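Okay, data08.txt is below, compact mmCIF, C-alpha atoms:
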```txt
# COMPACT_ATOMS: atom_id res chain seq x y z
CA MET A 231 137.91 97.72 147.33
CA ARG A 232 135.50 95.97 145.01
CA LYS A 233 136.39 92.61 143.46
CA THR A 234 136.17 94.10 139.99
CA GLN A 235 138.42 97.01 141.04
CA LYS A 236 140.97 94.65 142.52
CA LYS A 237 141.04 92.59 139.34
CA GLU A 238 141.41 95.75 137.28
CA ALA A 239 144.33 96.85 139.49
CA GLU A 240 145.97 93.44 139.15
CA ASP A 241 145.52 93.62 135.38
CA PHE A 242 147.22 97.05 135.35
CA ILE A 243 150.18 95.62 137.28
CA GLY A 244 150.43 92.67 134.88
CA VAL A 245 150.58 95.04 131.91
CA LEU A 246 153.25 97.18 133.62
CA SER A 247 155.33 94.11 134.40
CA ARG A 248 155.27 93.01 130.77
CA ALA A 249 156.12 96.56 129.68
CA HIS A 250 159.25 96.50 131.88
CA GLY A 251 160.52 93.54 129.89
CA ALA A 252 159.80 95.36 126.64
CA VAL A 253 161.71 98.46 127.84
CA LYS A 254 164.74 96.35 128.78
CA LYS A 255 164.66 94.59 125.41
CA ALA A 256 164.35 97.89 123.49
CA ILE A 257 167.27 99.44 125.38
CA LYS A 258 169.42 96.39 124.75
CA SER A 259 168.65 96.67 121.01
CA ASP A 260 169.38 100.44 120.97
CA LYS A 261 165.76 101.17 120.05
CA ASN A 262 165.57 104.20 122.29
CA ASP A 263 162.48 105.69 120.67
CA ILE A 264 160.53 102.51 121.39
CA ALA A 265 161.84 102.39 124.98
CA MET A 266 160.82 106.01 125.58
CA ASP A 267 157.34 105.39 124.15
CA ILE A 268 156.81 102.38 126.42
CA LEU A 269 158.06 104.33 129.44
CA VAL A 270 155.46 107.06 128.74
CA GLN A 271 152.79 104.37 128.59
CA CYS A 272 154.03 102.95 131.91
CA GLN A 273 153.69 106.37 133.51
CA ASP A 274 150.16 106.77 132.15
CA GLY A 275 149.26 103.29 133.41
CA ALA A 276 150.64 104.07 136.87
CA ILE A 277 148.59 107.29 137.02
CA LYS A 278 145.42 105.42 136.06
CA LEU A 279 146.17 102.77 138.66
CA GLY A 280 146.62 105.51 141.25
CA ASP A 281 143.27 107.05 140.34
CA LEU A 282 141.63 103.64 140.64
CA LEU A 283 143.12 103.00 144.08
CA GLU A 284 142.28 106.50 145.30
CA ASN A 285 138.63 106.08 144.26
CA ALA A 286 138.48 102.65 145.88
CA GLU A 287 140.53 103.18 149.04
CA GLY A 288 140.84 106.93 149.50
CA GLU A 289 143.77 109.33 149.39
CA ASP A 290 145.50 107.64 152.34
CA CYS A 291 146.03 104.39 150.44
CA PRO A 292 149.76 103.57 151.05
CA ILE A 293 150.20 102.17 147.55
CA ILE A 294 149.67 105.65 146.08
CA SER A 295 153.01 106.83 147.55
CA MET A 296 154.66 103.75 146.02
CA LEU A 297 153.21 104.72 142.66
CA GLU A 298 154.66 108.21 143.05
CA GLU A 299 158.09 106.63 143.61
CA TYR A 300 157.46 104.38 140.61
CA CYS A 301 156.72 107.39 138.40
CA GLU A 302 159.89 109.14 139.58
CA ILE A 303 162.01 106.13 138.59
CA ILE A 304 160.23 105.99 135.21
CA TYR A 305 161.19 109.66 134.68
CA GLN A 306 164.85 109.00 135.54
CA ILE A 307 165.05 106.05 133.15
CA TYR A 308 163.36 108.11 130.44
CA GLU A 309 165.92 110.90 130.83
CA ASN A 310 168.82 108.43 130.68
CA VAL A 311 167.41 106.94 127.47
CA ARG A 312 166.74 110.37 125.99
CA LEU A 313 170.33 111.41 126.71
CA THR A 314 171.60 108.09 125.26
CA GLN A 315 172.96 107.04 128.66
CA SER A 316 170.72 103.98 128.82
CA ARG A 317 173.52 101.38 128.67
CA GLY A 318 175.19 102.59 131.88
CA SER A 319 175.09 100.83 135.25
CA GLY A 320 172.85 103.62 136.58
CA THR A 321 170.04 102.71 134.19
CA LYS A 322 170.42 99.03 135.05
CA ARG A 323 170.00 99.84 138.77
CA LEU A 324 167.01 102.02 137.98
CA LEU A 325 165.36 99.18 136.06
CA GLU A 326 165.99 96.84 139.02
CA ASN A 327 164.43 99.42 141.37
CA LEU A 328 161.48 99.77 139.02
CA ASN A 329 160.84 96.03 139.18
CA ARG A 330 161.29 96.07 142.96
CA ILE A 331 158.76 98.86 143.54
CA LEU A 332 156.27 97.23 141.15
CA LEU A 333 156.59 93.98 143.11
CA GLN A 334 155.82 95.90 146.32
CA ILE A 335 152.78 97.45 144.63
CA LYS A 336 151.64 94.01 143.50
CA HIS A 337 151.91 92.57 147.01
CA GLY A 338 150.08 95.58 148.43
CA VAL A 339 147.16 95.11 146.04
CA GLU A 340 147.05 91.35 146.72
CA GLU A 341 146.72 92.01 150.45
CA MET A 342 143.77 94.36 149.98
CA LYS A 343 140.45 92.88 151.05
CA ALA A 344 138.08 92.62 148.13
CA ARG A 345 134.38 93.37 148.56
CA THR A 346 131.59 91.95 146.46
CA GLU A 347 128.84 94.18 145.11
CA ALA A 348 125.58 92.32 144.54
CA VAL A 349 122.52 93.88 142.90
CA PHE A 350 119.01 92.44 143.18
CA LEU A 351 116.47 93.46 140.53
CA PRO A 352 112.94 92.46 141.58
CA TYR A 353 110.11 93.82 139.47
CA ASN A 354 106.90 92.67 141.19
CA ALA A 355 106.93 93.19 144.96
CA SER A 356 104.80 90.07 145.54
CA MET A 357 107.61 88.02 144.01
CA TRP A 358 110.36 89.44 146.22
CA ASP A 359 110.32 86.22 148.26
CA SER A 360 112.06 84.48 145.35
CA LEU A 361 115.17 86.59 146.06
CA GLU A 362 114.89 87.54 149.72
CA SER A 363 116.88 84.77 151.44
CA VAL A 364 119.77 85.26 149.00
CA TRP A 365 119.66 89.01 149.63
CA LYS A 366 119.65 88.43 153.39
CA ALA A 367 122.77 86.27 153.12
CA ALA A 368 124.47 88.98 151.06
CA GLU A 369 123.33 91.69 153.47
CA GLU A 370 124.78 89.80 156.43
CA ASP A 371 128.12 89.17 154.72
CA PRO A 372 130.58 91.82 156.02
CA ASP A 373 132.49 91.63 152.74
CA CYS A 374 129.47 92.25 150.51
CA ASP A 375 127.53 95.38 149.56
CA ALA A 376 123.99 94.42 148.55
CA TYR A 377 121.62 96.72 146.65
CA VAL A 378 117.90 96.08 146.12
CA ILE A 379 116.78 98.00 143.03
CA PRO A 380 113.10 97.48 142.13
CA ILE A 381 112.63 97.96 138.40
CA PRO A 382 109.61 99.26 136.46
CA TYR A 383 107.47 96.94 134.40
CA TYR A 384 104.68 97.43 131.90
CA ASP A 385 101.39 95.82 131.02
CA LYS A 386 101.17 95.09 127.30
CA ASN A 387 98.45 95.74 124.76
CA PRO A 388 97.37 92.84 122.52
CA ASP A 389 99.67 94.19 119.78
CA GLY A 390 102.68 93.99 122.12
CA SER A 391 103.03 97.72 122.76
CA PHE A 392 103.54 98.95 126.32
CA ARG A 393 100.53 100.16 128.26
CA GLU A 394 100.43 100.97 131.98
CA VAL A 395 103.72 101.23 133.86
CA HIS A 396 104.16 99.84 137.39
CA TYR A 397 106.87 100.69 139.90
CA GLU A 398 106.42 98.97 143.27
CA ALA A 399 109.36 100.24 145.32
CA ASP A 400 107.00 101.41 148.08
CA LEU A 401 105.50 97.92 148.49
CA PHE A 402 108.62 96.17 149.76
CA PRO A 403 109.09 95.29 153.46
CA ASP A 404 110.32 98.13 155.66
CA TYR A 405 113.53 96.26 156.48
CA VAL A 406 114.62 96.27 152.82
CA LEU A 407 116.65 99.35 151.92
CA ILE A 408 115.66 100.38 148.42
CA THR A 409 117.89 102.04 145.81
CA GLY A 410 116.20 103.88 142.94
CA TYR A 411 116.87 102.40 139.52
CA ASN A 412 117.86 105.85 138.26
CA ASP A 413 120.34 106.28 141.12
CA TYR A 414 122.58 103.35 140.24
CA ASN A 415 124.93 103.59 137.27
CA PHE A 416 125.45 100.04 136.01
CA ALA A 417 128.13 101.00 133.50
CA ASP A 418 130.26 102.83 136.09
CA ARG A 419 129.75 100.46 139.00
CA ARG A 420 129.69 97.19 137.09
CA PRO A 421 128.44 95.02 139.99
CA ASP A 422 130.09 91.66 140.64
CA MET A 423 126.72 89.89 140.64
CA ILE A 424 123.22 90.73 139.38
CA PHE A 425 120.23 88.65 140.50
CA ILE A 426 117.01 88.58 138.47
CA HIS A 427 113.74 86.66 138.76
CA ASN A 428 112.09 87.69 135.49
CA PRO A 429 113.57 85.65 132.61
CA TYR A 430 111.34 86.62 129.69
CA ASP A 431 112.87 89.80 128.25
CA ASP A 432 110.58 90.77 125.36
CA TYR A 433 108.99 87.31 124.98
CA ASN A 434 106.20 87.79 127.53
CA HIS A 435 102.96 88.73 125.76
CA VAL A 436 101.33 90.23 128.85
CA THR A 437 103.97 92.17 130.79
CA SER A 438 107.54 93.35 130.28
CA VAL A 439 110.20 94.81 132.52
CA HIS A 440 111.84 97.96 131.20
CA PRO A 441 114.02 96.90 128.21
CA PHE A 442 117.18 98.13 129.93
CA PHE A 443 116.68 95.30 132.43
CA TYR A 444 116.34 92.51 129.88
CA SER A 445 118.80 89.73 130.67
CA LYS A 446 120.50 90.12 127.28
CA ASN A 447 121.31 93.75 128.17
CA LEU A 448 122.27 93.23 131.82
CA LYS A 449 124.83 90.62 130.79
CA GLN A 450 127.20 93.36 129.60
CA TYR A 451 127.31 95.02 133.04
CA THR A 452 128.43 92.08 135.20
CA ASP A 453 130.59 88.98 135.15
CA LYS A 454 127.92 86.94 136.94
CA LEU A 455 124.25 87.24 136.03
CA VAL A 456 122.15 84.92 138.21
CA TYR A 457 118.57 83.94 137.42
CA ILE A 458 116.31 82.51 140.15
CA PRO A 459 112.72 81.63 139.06
CA TYR A 460 109.94 83.57 140.81
CA TYR A 461 107.86 80.38 141.07
CA VAL A 462 108.19 76.80 142.26
CA LEU A 463 106.77 73.81 140.42
CA ALA A 464 105.63 70.37 141.51
CA GLU A 465 108.69 68.18 142.08
CA PRO A 466 109.33 66.42 138.74
CA ASP A 467 110.49 62.98 137.73
CA PRO A 468 113.48 63.58 135.42
CA GLU A 469 112.92 60.18 133.79
CA ASN A 470 109.39 61.05 132.73
CA GLU A 471 109.59 62.49 129.22
CA VAL A 472 106.08 63.96 129.46
CA THR A 473 107.11 65.85 132.60
CA VAL A 474 110.30 67.10 130.94
CA GLY A 475 108.31 68.27 127.93
CA GLY A 476 105.82 70.09 130.14
CA ILE A 477 108.53 71.96 132.01
CA LYS A 478 110.60 72.74 128.89
CA PRO A 479 108.88 76.11 128.22
CA PHE A 480 110.07 77.29 131.66
CA CYS A 481 113.65 76.34 130.75
CA THR A 482 113.99 77.76 127.25
CA VAL A 483 113.66 81.45 128.10
CA PRO A 484 116.17 84.28 127.58
CA GLY A 485 117.07 84.54 131.28
CA VAL A 486 118.29 80.95 131.28
CA PHE A 487 120.35 81.39 128.13
CA TYR A 488 121.96 84.71 129.11
CA ALA A 489 122.52 83.99 132.81
CA ASP A 490 125.87 82.72 134.05
CA LYS A 491 124.12 80.69 136.76
CA VAL A 492 120.52 79.49 137.15
CA VAL A 493 119.36 78.42 140.61
CA VAL A 494 116.42 75.99 140.64
CA GLN A 495 114.41 74.42 143.44
CA SER A 496 115.98 70.92 143.62
CA GLU A 497 118.39 68.47 142.07
CA ALA A 498 115.47 66.75 140.31
CA MET A 499 114.46 70.06 138.74
CA ARG A 500 118.09 70.64 137.75
CA GLN A 501 118.12 67.34 135.87
CA VAL A 502 114.89 68.29 134.08
CA TYR A 503 116.34 71.66 133.06
CA ILE A 504 119.48 69.99 131.71
CA LYS A 505 117.47 67.43 129.73
CA ALA A 506 115.14 70.08 128.31
CA LEU A 507 117.99 72.39 127.34
CA VAL A 508 120.07 69.63 125.78
CA SER A 509 117.06 68.58 123.71
CA GLU A 510 116.78 72.20 122.54
CA THR A 511 120.45 72.96 121.85
CA GLY A 512 122.08 69.59 121.19
CA GLU A 513 124.07 67.00 123.12
CA GLU A 514 127.32 68.94 122.66
CA SER A 515 125.90 71.66 124.96
CA ARG A 516 125.38 69.31 127.94
CA LYS A 517 128.52 70.40 129.83
CA ILE A 518 127.45 74.06 129.59
CA TRP A 519 124.09 73.34 131.19
CA GLU A 520 125.53 71.00 133.82
CA GLU A 521 127.81 73.81 134.99
CA LYS A 522 125.23 76.56 134.71
CA ILE A 523 122.15 74.99 136.35
CA LEU A 524 122.36 74.66 140.15
CA GLY A 525 119.78 72.73 142.19
CA LEU A 526 120.34 74.70 145.39
CA GLY A 527 116.69 75.21 146.40
CA SER A 528 114.19 78.03 146.09
CA PRO A 529 114.29 81.14 148.28
CA LYS A 530 110.48 81.00 148.20
CA MET A 531 110.68 77.84 150.28
CA ASP A 532 113.11 79.56 152.65
CA LYS A 533 110.67 82.43 153.11
CA VAL A 534 107.69 80.19 153.80
CA MET A 535 109.59 78.18 156.39
CA ASP A 536 110.93 81.33 158.07
CA THR A 537 107.51 83.03 158.32
CA ARG A 538 105.88 82.11 161.63
CA LYS A 539 102.21 82.63 162.32
CA GLU A 540 102.87 84.07 165.78
CA ASP A 541 105.14 86.77 164.36
CA ILE A 542 102.61 88.08 161.85
CA GLN A 543 100.68 91.29 162.34
CA VAL A 544 97.22 90.61 160.93
CA PRO A 545 95.32 93.66 159.62
CA GLU A 546 92.37 94.78 161.75
CA GLU A 547 89.90 94.39 158.88
CA TRP A 548 91.03 90.78 158.50
CA LEU A 549 90.62 90.09 162.21
CA LYS A 550 86.99 91.17 162.01
CA ILE A 551 86.42 88.27 159.61
CA ILE A 552 88.77 85.76 161.27
CA GLU A 553 87.81 86.09 164.95
CA LYS A 554 84.83 84.41 166.55
CA PRO A 555 82.82 86.21 169.26
CA ASP A 556 84.90 84.49 171.94
CA GLY A 557 88.17 85.74 170.41
CA SER A 558 89.27 82.39 169.00
CA TRP A 559 90.06 82.07 165.31
CA LYS A 560 87.99 80.37 162.66
CA LYS A 561 89.66 77.96 160.28
CA ILE A 562 91.22 79.99 157.46
CA ILE A 563 91.21 78.64 153.91
CA PHE A 564 93.59 80.13 151.36
CA TYR A 565 91.64 80.29 148.08
CA ASN A 566 93.65 80.86 144.92
CA ASN A 567 92.58 81.08 141.30
CA SER A 568 95.20 81.00 138.57
CA VAL A 569 95.58 82.85 135.29
CA THR A 570 95.80 79.60 133.31
CA ALA A 571 92.60 78.09 134.72
CA LEU A 572 90.61 81.28 134.14
CA LEU A 573 91.83 81.55 130.54
CA GLN A 574 91.08 77.89 129.93
CA HIS A 575 87.58 77.72 131.40
CA GLU A 576 86.42 81.37 131.19
CA ASP A 577 82.69 81.64 132.12
CA LYS A 578 82.68 78.15 133.59
CA MET A 579 85.43 79.18 136.00
CA LEU A 580 83.49 82.30 136.98
CA GLU A 581 80.52 80.07 137.73
CA LYS A 582 82.75 77.82 139.83
CA MET A 583 84.14 80.80 141.74
CA ASN A 584 80.64 82.09 142.53
CA TYR A 585 79.71 78.62 143.77
CA VAL A 586 82.79 78.57 146.03
CA PHE A 587 81.92 82.00 147.42
CA ARG A 588 78.31 80.99 148.14
CA THR A 589 79.51 77.88 149.96
CA PHE A 590 81.98 79.73 152.17
CA LYS A 591 79.55 82.57 152.78
CA GLU A 592 77.03 80.08 154.15
CA ASN A 593 79.70 78.72 156.51
CA GLN A 594 81.35 82.01 157.47
CA GLU A 595 80.66 81.51 161.18
CA GLU A 596 83.15 78.64 161.29
CA VAL A 597 85.44 79.20 158.30
CA ALA A 598 87.11 82.36 156.97
CA LEU A 599 87.93 82.51 153.29
CA LEU A 600 91.14 84.28 152.29
CA TRP A 601 90.95 84.86 148.54
CA ARG A 602 94.27 85.70 146.95
CA PRO A 603 94.24 85.57 143.12
CA HIS A 604 97.41 85.40 141.08
CA PRO A 605 99.09 88.86 141.15
CA LEU A 606 99.28 89.07 137.34
CA ILE A 607 95.69 88.05 136.71
CA LYS A 608 94.50 91.59 135.98
CA ALA A 609 97.26 92.38 133.50
CA THR A 610 96.91 89.03 131.74
CA ILE A 611 93.12 88.77 131.43
CA GLU A 612 92.67 92.45 130.63
CA SER A 613 95.18 92.13 127.79
CA MET A 614 94.17 88.75 126.39
CA ARG A 615 90.40 88.58 127.13
CA PRO A 616 88.97 92.08 127.72
CA GLU A 617 85.36 90.85 127.88
CA LEU A 618 86.27 88.13 130.38
CA TRP A 619 88.08 90.73 132.45
CA GLU A 620 84.93 92.82 132.81
CA LYS A 621 83.01 89.79 134.06
CA TYR A 622 85.82 88.79 136.43
CA ARG A 623 86.11 92.35 137.75
CA LYS A 624 82.41 92.34 138.68
CA VAL A 625 82.92 89.11 140.66
CA VAL A 626 85.77 90.75 142.55
CA GLU A 627 83.73 93.89 143.25
CA GLN A 628 80.77 91.93 144.58
CA TYR A 629 83.01 89.79 146.84
CA ARG A 630 84.73 92.85 148.28
CA GLU A 631 81.51 94.82 148.75
CA GLU A 632 79.84 91.99 150.68
CA GLY A 633 82.77 91.99 153.09
CA TRP A 634 82.28 88.54 154.64
CA GLY A 635 85.66 87.22 153.29
CA ILE A 636 89.22 88.48 152.99
CA TYR A 637 90.51 89.76 149.66
CA ASP A 638 94.31 89.78 149.67
CA ASP A 639 96.01 91.69 146.88
CA THR A 640 99.04 92.70 148.96
CA PRO A 641 102.62 91.75 148.01
CA ASP A 642 102.95 89.49 151.08
CA MET A 643 101.92 86.04 149.93
CA ASP A 644 103.85 84.34 152.73
CA ARG A 645 101.63 85.94 155.35
CA ALA A 646 98.60 84.33 153.71
CA VAL A 647 100.27 80.90 153.71
CA ALA A 648 101.38 81.24 157.32
CA ILE A 649 97.97 82.15 158.82
CA SER A 650 95.95 79.72 156.67
CA ASP A 651 94.95 76.26 157.86
CA GLY A 652 94.61 74.83 154.37
CA TYR A 653 94.70 75.54 150.65
CA TYR A 654 91.88 75.26 148.11
CA GLY A 655 92.01 76.36 144.50
CA ASP A 656 93.81 75.88 141.22
CA ALA A 657 97.11 74.11 140.67
CA SER A 658 99.77 76.70 141.41
CA SER A 659 103.26 77.16 142.79
CA ILE A 660 101.53 78.07 146.06
CA VAL A 661 100.52 74.42 146.35
CA GLN A 662 104.17 73.42 146.79
CA LEU A 663 104.71 76.19 149.34
CA CYS A 664 101.67 75.09 151.37
CA GLN A 665 102.79 71.47 151.27
CA GLU A 666 106.26 72.51 152.43
CA ALA A 667 104.62 74.37 155.32
CA GLY A 668 102.56 71.30 156.23
CA LYS A 669 99.19 72.69 155.10
CA PRO A 670 96.55 70.35 153.60
CA VAL A 671 95.82 71.03 149.93
CA MET A 672 92.75 70.47 147.75
CA ILE A 673 92.71 71.32 144.04
CA GLN A 674 89.37 72.64 142.82
CA ASP A 675 87.52 70.92 139.96
CA VAL A 676 85.70 73.37 137.72
CA GLU A 677 83.17 70.66 136.83
CA VAL A 678 81.98 70.22 140.42
CA LEU A 679 79.25 72.66 141.43
CA GLU A 680 77.48 70.55 144.07
```
Before anything else, please render the file you have as structure tokens.
Amino acid sequence: MRKTQKKEAEDFIGVLSRAHGAVKKAIKSDKNDIAMDILVQCQDGAIKLGDLLENAEGEDCPIISMLEEYCEIIYQIYENVRLTQSRGSGTKRLLENLNRILLQIKHGVEEMKARTEAVFLPYNASMWDSLESVWKAAEEDPDCDAYVIPIPYYDKNPDGSFREVHYEADLFPDYVLITGYNDYNFADRRPDMIFIHNPYDDYNHVTSVHPFFYSKNLKQYTDKLVYIPYYVLAEPDPENEVTVGGIKPFCTVPGVFYADKVVVQSEAMRQVYIKALVSETGEESRKIWEEKILGLGSPKMDKVMDTRKEDIQVPEEWLKIIEKPDGSWKKIIFYNNSVTALLQHEDKMLEKMNYVFRTFKENQEEVALLWRPHPLIKATIESMRPELWEKYRKVVEQYREEGWGIYDDTPDMDRAVAISDGYYGDASSIVQLCQEAGKPVMIQDVEVLE
């Protein structure tokens, strides 16, 4: 039985118990019509409770036979009232039996083991690592049913209209059982918990999940909507007002406001979220944010630490670039360029990237470059700077055609971190992941071309 079903059953029993008191009071006051009406409602409630238990536990549920006995007693009391025999000792005994059988039903429901149903709604497969460790815990819990339901998302045109649709269910790891988003009825099932990692609803100018999966809509289908950011940030100083102001845009998004719980990467980040949100909504809201924001850590960190180099299957085309003639591996440098840096520096950043590629190409006998751009770079640049996108696309095509380096556009970012010996590139959440994994990090300077 699901937690929500158990609560619904307990609510039914509470209503029936209160109705018994109302029946007794109506009979005592000679208001037989009212007593009969309440008794009919009790019978209807018992039938609905039986249907609920049968759907949850099957036809063999022992409480169903108790409900049948309950309905028979209701009928006998109703007949006594109808025939104006309600003040007799027989009716009194029947009312006592009715309370007794309802108490047995209540105890039976209380003893039923409740199961939790948790739904995970990733949209971009490369960001699945922000939910995976939580899903694994749910999957391993014998009292939990966990569903992974990848959801469609759209690129946006400059005017905000939807353009290309993406659905990446086939890009998730083989060990993740996928449920189609059209195969799960949220209204009927009403999961106990829903986990999301996209907080923007319709406020993202570049991409959007399907509107059904906006946090403001999902809230109506669960009692616990949980938002976990798909990124990690540099560890902040909560006392630094500049830092708090810089992180505030990440905090004041729909997913944070509509979620029942928000899980962030650390206690320091929790304090920053609380400060930023209080500054936005007023001091009187502090208690709300203190209860909602949880600094429990990021699943992305869990994934990085759990991914071991020796367990990774490296693609053959990568090995051709990584291996030296003697079979040993070259040093592998994870090169990342971010959306923000490209938008900020445009042609200058393209020039910097070409310089980086020339440098690594000249040293390809000793060092292998693994270039992994931000997964949303195409959608963002194509929407916001179409001319820049054409130039960037040509850089990508040339790099891939030359074939001396690795181009990684797969969903598995953790594989790239695990096999790399160091990080070079723009400031990014990957920096924190590499540092956590003990990898040296160097941030590129667009001004340096020598």
For this session: Please measure the separation of atom CA of His427 of chain A and atom CA of Phe350 of chain A, giving the value in Å to one decimal.
Result: 9.0 Å
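Among A:Val253, A:Leu297, A:Val676, A:Ile335, the residue with the shortest atom-to-atom distance to Asp281 of chain A, counting only C-alpha atoms, is A:Leu297.
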Considering only C-alpha atoms, give me a table of residues in segment 527-619 of chain A that are at most 12 Å from segment 638-642 of chain A, with the closest atom pair and distance in Å for each, as a Markdown table.
```
| residue | atom | partner | partner_atom | distance |
| --- | --- | --- | --- | --- |
| A:Lys530 | CA | A:Asp642 | CA | 11.7 |
| A:Lys533 | CA | A:Asp642 | CA | 10.7 |
| A:Val534 | CA | A:Asp642 | CA | 10.8 |
| A:Thr537 | CA | A:Asp642 | CA | 10.7 |
| A:Ile542 | CA | A:Asp642 | CA | 10.9 |
| A:Gln543 | CA | A:Asp642 | CA | 11.6 |
| A:Val544 | CA | A:Asp642 | CA | 11.5 |
| A:Pro545 | CA | A:Asp638 | CA | 10.7 |
| A:Glu547 | CA | A:Asp638 | CA | 11.2 |
| A:Trp548 | CA | A:Asp638 | CA | 9.5 |
| A:Phe564 | CA | A:Asp638 | CA | 9.8 |
| A:Tyr565 | CA | A:Asp638 | CA | 10.0 |
| A:Asn566 | CA | A:Asp638 | CA | 10.1 |
| A:Leu599 | CA | A:Asp638 | CA | 10.3 |
| A:Leu600 | CA | A:Asp638 | CA | 6.9 |
| A:Trp601 | CA | A:Asp638 | CA | 6.1 |
| A:Arg602 | CA | A:Asp638 | CA | 4.9 |
| A:Pro603 | CA | A:Asp639 | CA | 7.4 |
| A:His604 | CA | A:Asp639 | CA | 8.7 |
| A:Pro605 | CA | A:Asp639 | CA | 7.1 |
| A:Leu606 | CA | A:Asp639 | CA | 10.4 |
| A:Ile607 | CA | A:Asp639 | CA | 10.8 |
| A:Lys608 | CA | A:Asp639 | CA | 11.0 |
```
Excluding segment 520-527 of chain A and its own-chain neighbours fewer than 3 positions away, which residues fall within 9 Å of it when counting only C-alpha atoms? Please give them as a compact mmCIF listing (two decimals) with C-alpha atoms, in the frame of the given file.
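Result file follows (around.txt):
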```txt
# COMPACT_ATOMS: atom_id res chain seq x y z
CA VAL A 486 118.29 80.95 131.28
CA ALA A 489 122.52 83.99 132.81
CA ASP A 490 125.87 82.72 134.05
CA LYS A 491 124.12 80.69 136.76
CA VAL A 492 120.52 79.49 137.15
CA VAL A 493 119.36 78.42 140.61
CA VAL A 494 116.42 75.99 140.64
CA GLN A 495 114.41 74.42 143.44
CA SER A 496 115.98 70.92 143.62
CA GLU A 497 118.39 68.47 142.07
CA ALA A 498 115.47 66.75 140.31
CA MET A 499 114.46 70.06 138.74
CA ARG A 500 118.09 70.64 137.75
CA GLN A 501 118.12 67.34 135.87
CA TYR A 503 116.34 71.66 133.06
CA ILE A 504 119.48 69.99 131.71
CA SER A 515 125.90 71.66 124.96
CA ARG A 516 125.38 69.31 127.94
CA LYS A 517 128.52 70.40 129.83
CA LYS A 530 110.48 81.00 148.20
CA MET A 531 110.68 77.84 150.28
CA ASP A 532 113.11 79.56 152.65
```
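Of the listed residues A:Ala344, A:Ala265, A:Val671, A:Met296, the one whose atoms come nearest to Arg232 of chain A is A:Ala344, with distances taken using all atoms listed in the file.
Within 6 Å of Tyr383 of chain A, once all atoms listed in the file are used and residues closer than 6 positions along the same chain are dropped, the contacting residues are Val395, His396, Ser438, Val439 and His440 of chain A.
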Per residue of segment 391-493 of chain A within 12 Å of segment 371-379 of chain A, which atom pair is closest and at what distance in Å (one decimal), using all atoms listed in the file, listed by chain and increasing number, as a Markdown table?
```
| residue | atom | partner | partner_atom | distance |
| --- | --- | --- | --- | --- |
| A:Tyr397 | CA | A:Ile379 | CA | 10.7 |
| A:Glu398 | CA | A:Ile379 | CA | 10.4 |
| A:Ala399 | CA | A:Ile379 | CA | 8.1 |
| A:Asp400 | CA | A:Ile379 | CA | 11.5 |
| A:Phe402 | CA | A:Val378 | CA | 10.0 |
| A:Pro403 | CA | A:Val378 | CA | 11.5 |
| A:Tyr405 | CA | A:Val378 | CA | 11.2 |
| A:Val406 | CA | A:Val378 | CA | 7.5 |
| A:Leu407 | CA | A:Val378 | CA | 6.8 |
| A:Ile408 | CA | A:Val378 | CA | 5.4 |
| A:Thr409 | CA | A:Ile379 | CA | 5.0 |
| A:Gly410 | CA | A:Ile379 | CA | 5.9 |
| A:Tyr411 | CA | A:Ile379 | CA | 5.6 |
| A:Asn412 | CA | A:Ile379 | CA | 9.2 |
| A:Asp413 | CA | A:Ile379 | CA | 9.2 |
| A:Tyr414 | CA | A:Ile379 | CA | 8.4 |
| A:Asn415 | CA | A:Ile379 | CA | 11.4 |
| A:Phe416 | CA | A:Ile379 | CA | 11.3 |
| A:Arg419 | CA | A:Tyr377 | CA | 11.8 |
| A:Pro421 | CA | A:Asp375 | CA | 9.6 |
| A:Asp422 | CA | A:Cys374 | CA | 9.9 |
| A:Met423 | CA | A:Ala376 | CA | 9.5 |
| A:Ile424 | CA | A:Tyr377 | CA | 9.6 |
| A:Phe425 | CA | A:Val378 | CA | 9.6 |
| A:Ile426 | CA | A:Ile379 | CA | 10.5 |
| A:Phe443 | CA | A:Ile379 | CA | 10.9 |
```
List every protein, DNA or RNA residue that has an atom no more than 12 Å from (153.8, 94.1, 136.7) in the file's coordinate frame, counting all atoms listed in the file, and report them as a short mmCIF file (atom, residue, chain, number, x, y, z; two decimals) with C-alpha atoms, in the coordinates of the input.
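The resulting file, result10.cif, is reproduced below:
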```
data_model
loop_
_atom_site.label_atom_id
_atom_site.label_comp_id
_atom_site.auth_asym_id
_atom_site.auth_seq_id
_atom_site.Cartn_x
_atom_site.Cartn_y
_atom_site.Cartn_z
CA ALA A 239 144.33 96.85 139.49
CA GLU A 240 145.97 93.44 139.15
CA ASP A 241 145.52 93.62 135.38
CA PHE A 242 147.22 97.05 135.35
CA ILE A 243 150.18 95.62 137.28
CA GLY A 244 150.43 92.67 134.88
CA VAL A 245 150.58 95.04 131.91
CA LEU A 246 153.25 97.18 133.62
CA SER A 247 155.33 94.11 134.40
CA ARG A 248 155.27 93.01 130.77
CA ALA A 249 156.12 96.56 129.68
CA HIS A 250 159.25 96.50 131.88
CA GLY A 251 160.52 93.54 129.89
CA ALA A 252 159.80 95.36 126.64
CA CYS A 272 154.03 102.95 131.91
CA GLY A 275 149.26 103.29 133.41
CA ALA A 276 150.64 104.07 136.87
CA LEU A 279 146.17 102.77 138.66
CA TYR A 300 157.46 104.38 140.61
CA LEU A 328 161.48 99.77 139.02
CA ASN A 329 160.84 96.03 139.18
CA ARG A 330 161.29 96.07 142.96
CA ILE A 331 158.76 98.86 143.54
CA LEU A 332 156.27 97.23 141.15
CA LEU A 333 156.59 93.98 143.11
CA GLN A 334 155.82 95.90 146.32
CA ILE A 335 152.78 97.45 144.63
CA LYS A 336 151.64 94.01 143.50
CA HIS A 337 151.91 92.57 147.01
CA VAL A 339 147.16 95.11 146.04
#
```
